[in-house]
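Chemist: Please read through the structure below; I'll follow up with questions.
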Amino acid sequence: MGSRASTLLRDEELEEIKKETGFSHSQITCLYSRFTSLDKGENGTLSREDFQRIPELAINPLGDRIINAFFPEGEDQVNFRGFMRTLAHFRPIEDNEKSKDVNGPEPLNSRSNKLHFAFRLYDLDKDDKISRDELLQVLEKVDVEQKMSIQFLH
């Protein structure tokens with residue numbers, strides 16, 4: 001399965017993604033296999049519906065916000081490169097100092113980029129502020145999820 005995925009990604013494309021995201025060759029190959037398994041339309045892109053079929057996102061109280069983070073404004077599809085760029089925000093920070101290119105852009109998983117990414121999950125109206133209502137929406141979703149978990153356990 002891994003070799004099939006790597007043959008569908010051109011070597012130069014794989015190297016560009018590796019440089020841009022910090023993922024290793026094997027991680028990219030594995031994530032490409034996952035991407036293609038989610039691509040029910042088999043058109044090289046994922047839709048919101050493709051993401052909603054991921055059980056962990058379907059049950060996450062912030063799942064819809066995480067899913068929306070994969071889609072640029074006004075877009076309803078994401079290609080593999082966009083998928084990888086978003087996932088790069090979730091990578092650990094630990095190796096950035098060793099591989100940092102002083103002339104290159106800041107890594108997608110830098111502290112500041114991670115904070116900006118997380119901020120955008122809460123800033124629903126994209127006005128560069130988290131309003132009281134936006135924060136309350138998140139707290140209510142988390143509270144409902146907690147109550148459901150507690151009821152399930154009893």
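Please note that chains go A, B, ... in the order of the structure tokens, that every chain numbers its residues from 1, and that ligands are numbered from 1 in the order shown.
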Excluding Phe70 (chain A) and residues on its chain fewer than 4 positions from it, collect all residues at most 12 Å away from it, counting only C-alpha atoms, and give them as a ChimeraX atom specification.
Modeler: /A:45-48,50-51,63-66,74-89,117,120-121
Chemist: Near region 15-21 of chain A, counting only C-alpha atoms, which residues have an atom at most 12 Å away, once you skip same-chain residues fewer than 4 positions from it, shown as a PyMOL selection string?
Modeler: chain A and resi 6+9-11+25-29+31-32+80-93+95-96+99-101+104-110
Chemist: Hey, which of A:His116, A:Ser33, A:Arg53, A:Ile59 ends up closest to Val142 (chain A)? Count only C-alpha atoms.
Modeler: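 With only C-alpha atoms as the atom set, the closest residue is A:Ile59.
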Chemist: Using only C-alpha atoms, which residue out of A:Asp125, A:Ser131, A:Asp39, A:Ile67 lies closest to Gln52 (chain A)?
Modeler: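 Once distances to Gln52 (chain A) are computed over only C-alpha atoms, the minimum belongs to A:Ile67.
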Chemist: Mind checking DSSP for region 42-126 of chain A and telling me the strand (DSSP E or B) residues as a short mmCIF file (atom, residue, chain, number, x, y, z; two decimals) with N, CA, C and O atoms, in the first residue's frame?
Modeler:
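Output (part-v3.cif):
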data_model
loop_
_atom_site.label_atom_id
_atom_site.label_comp_id
_atom_site.auth_asym_id
_atom_site.auth_seq_id
_atom_site.Cartn_x
_atom_site.Cartn_y
_atom_site.Cartn_z
N THR A 45 -9.38 15.18 -4.31
CA THR A 45 -9.70 16.20 -3.32
C THR A 45 -10.63 15.60 -2.27
O THR A 45 -11.26 14.57 -2.51
N LEU A 46 -10.70 16.29 -1.12
CA LEU A 46 -11.63 15.88 -0.08
C LEU A 46 -12.67 16.97 0.11
O LEU A 46 -12.37 18.16 0.02
N VAL A 78 -10.48 20.31 -0.77
CA VAL A 78 -9.08 20.51 -0.41
C VAL A 78 -8.26 19.41 -1.10
O VAL A 78 -8.66 18.25 -1.11
N ASN A 79 -7.14 19.81 -1.69
CA ASN A 79 -6.26 18.83 -2.33
C ASN A 79 -5.26 18.29 -1.30
O ASN A 79 -5.25 18.72 -0.15
#
Chemist: May I ask for the distance between CA of Phe119 (chain A) and CA of Glu134 (chain A), given in Å to one decimal place?
Modeler: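 Computing the Euclidean distance for CA of Phe119 (chain A) and CA of Glu134 (chain A) yields 11.1 Å.
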Chemist: Write down as a ChimeraX atom specification the residues of chain A whose backbone DSSP state falls under helix (DSSP H, G or I).
Modeler: /A:2-8,11-21,25-38,48-52,55-59,63-69,80-88,96-99,111-122,132-153
